[in-house]
Amino acid sequence: MSIEATESVPLAGLQRELERQLEERLAVLAELEPFALPSVDPVAYQTAASHRAVVELITAALNRITQGTYGRCTRCERQIAPARLEVLPYAAACIECQSHAEAA
Ligand SMILES: [Zn+2]
């Protein structure tokens with residue numbers, strides 16, 4: 001059995017799902033962008049900023065799939081819990097590191 005076959009996360013399907021989410025976010029951003037200025041539409045500005053942050057996370061997750069490091073915490077390098085990845089497939093850090101980051 002290869003390493004890939006024992007993976008708990010089906011990476012090919014995941015990659016497609018992430019690419020789909022990325023496209024969706026980019027489409028929303030393209031619509032928001034003309035108004036997404038703090039002086040024009042502060043709500044659109046905030047929304048665009050959060051979409052842009054997720055676009056970065058998804059792009060990074062896709063890179064990790066390509067590099068074979070997907071599912072590993074980018075901070076402590078431990079395996080991220082599969083349940084967490086199911087909810088948040090583009091999570092870059094395990095729940096512990098994430099909660100430290102949020103507290104800081
Ligand atoms: Zn971690």
# chains A, B, ... in the order shown; residues from 1 in each chain; ligands from 1
call {"tool": "residues_near_ligand", "arguments": {"ligand": "ligand 1", "cutoff": "12 Å", "atoms": "only C-alpha atoms and all ligand atoms", "output": "VMD selection string"}}
result
chain A and resid 71 to 81 91 to 101
call {"tool": "residues_around", "arguments": {"residues": "A:Ala60", "least_positions_apart": "2", "cutoff": "12 Å", "atoms": "only C-alpha atoms", "output": "number ranges by chain"}}
result
A: 15, 18-19, 22, 53-58, 62-67, 69-71, 74, 89-93
call {"tool": "atom_distance", "arguments": {"atom1": "atom CA of A:Ala61", "atom2": "atom CA of A:Pro42"}}
result
28.7 Å
call {"tool": "select_by_dssp", "arguments": {"residues": "chain A", "states": "helix (DSSP H, G or I)", "output": "PyMOL selection string"}}
result
chain A and resi 3-6+11-32+42-67+82-87+95-103
call {"tool": "closest_residue", "arguments": {"among": "A:His51, A:Glu86, A:Ala12, A:Pro38", "to": "A:Glu24", "atoms": "only C-alpha atoms"}}
result
A:His51
call {"tool": "closest_residue", "arguments": {"among": "A:Ala44, A:Leu85, A:Leu11, A:Ala103", "to": "A:Val28", "atoms": "only C-alpha atoms"}}
result
A:Ala44
